[in-house]
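Below is one structure; the comments refer to it alone.
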Amino acid sequence: MTVYIDPPIWPGHGRMWSHVVSDLSYEELHAFAAGLGCPPRAFDRDHYDVPSTLYETAVDAGAVPVGSKELLQRLTAAGLRRRKR
């Protein structure tokens, strides 16, 4: 139904990253990420890591900007949260 993105505040590999999640399904998430040009390797358990250079593109494509805490709450409420083992 909705895809969410948090601010690019996560450092890694010399750049800043955002997380993109769906509140409907992984299928919706994979389709959205593919539309952004994200490679499958950017998928991490229940979200995609998206570089800051794609943040505005993701928002323009329909991702709803939310804070990191709200993103996690929405992912958990949807039953799509996969914790690390």
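By convention in this document, the chains of the structure tokens carry letters A, B, ... by their order, each chain's residues are numbered from 1, and ligands are numbered from 1 in the order they are shown.
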For segment 31-40 of chain A, work out the shell of residues within 9 Å, counting only C-alpha atoms and skipping chain neighbours fewer than 4 positions away, then give it as JSON, numbers by chain.
{"A": [3, 20, 26, 27, 48, 49, 50, 54, 57, 58, 61, 63]}
Go ahead and dump the residues you just picked, C-alpha atoms, as a PDB file, in the first residue's frame.
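Result went into part00.pdb, see below:
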ATOM      1  CA  VAL A   3       6.509   2.573   0.772  1.00  0.00           C
ATOM      2  CA  VAL A  20      13.154   1.866   2.296  1.00  0.00           C
ATOM      3  CA  TYR A  26       8.124  -7.634   0.153  1.00  0.00           C
ATOM      4  CA  GLU A  27       6.853  -7.906  -3.429  1.00  0.00           C
ATOM      5  CA  TYR A  48      16.559  -1.797   1.066  1.00  0.00           C
ATOM      6  CA  ASP A  49      19.596   0.358   1.744  1.00  0.00           C
ATOM      7  CA  VAL A  50      19.345   3.330  -0.602  1.00  0.00           C
ATOM      8  CA  LEU A  54      18.557   8.336  -4.649  1.00  0.00           C
ATOM      9  CA  THR A  57      14.215  10.092  -6.586  1.00  0.00           C
ATOM     10  CA  ALA A  58      12.564   7.687  -4.145  1.00  0.00           C
ATOM     11  CA  ALA A  61       8.505   8.007  -7.045  1.00  0.00           C
ATOM     12  CA  ALA A  63       8.082   6.906  -1.022  1.00  0.00           C
TER      13      ALA A  63
END
If I take atom CA of Ser52 of chain A and atom CA of Trp17 of chain A, how far is one from the other in Å, to one decimal?
5.3 Å
Would you list the contacts of Arg82 of chain A as a PyMOL selection string, taking every protein, DNA or RNA residue within 8 Å and counting only C-alpha atoms, but skipping same-chain residues closer than 2 positions in sequence?
chain A and resi 45-46+80+84
Mind writing the picked residues with N, CA and C atoms as a PDB file, in the first residue's frame?
ATOM      1  N   ARG A  45      17.307  -8.195   4.697  1.00  0.00           N
ATOM      2  CA  ARG A  45      16.293  -8.850   5.532  1.00  0.00           C
ATOM      3  C   ARG A  45      14.880  -8.318   5.341  1.00  0.00           C
ATOM      4  N   ASP A  46      14.651  -7.018   5.531  1.00  0.00           N
ATOM      5  CA  ASP A  46      13.293  -6.475   5.471  1.00  0.00           C
ATOM      6  C   ASP A  46      13.249  -5.057   4.903  1.00  0.00           C
ATOM      7  N   LEU A  80       6.185  -7.251   8.921  1.00  0.00           N
ATOM      8  CA  LEU A  80       7.252  -7.543   7.963  1.00  0.00           C
ATOM      9  C   LEU A  80       8.652  -7.395   8.557  1.00  0.00           C
ATOM     10  N   LYS A  84      17.648  -9.498  13.173  1.00  0.00           N
ATOM     11  CA  LYS A  84      18.896 -10.259  13.021  1.00  0.00           C
ATOM     12  C   LYS A  84      18.884 -11.433  13.969  1.00  0.00           C
TER      13      LYS A  84
END
In terms of the shortest atom-to-atom distance over only C-alpha atoms, which of A:Pro51, A:Ala78, A:His30, A:Val64 is closest to Gly12 of chain A?
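For Gly12 of chain A, the nearest of the given residues is A:Pro51.
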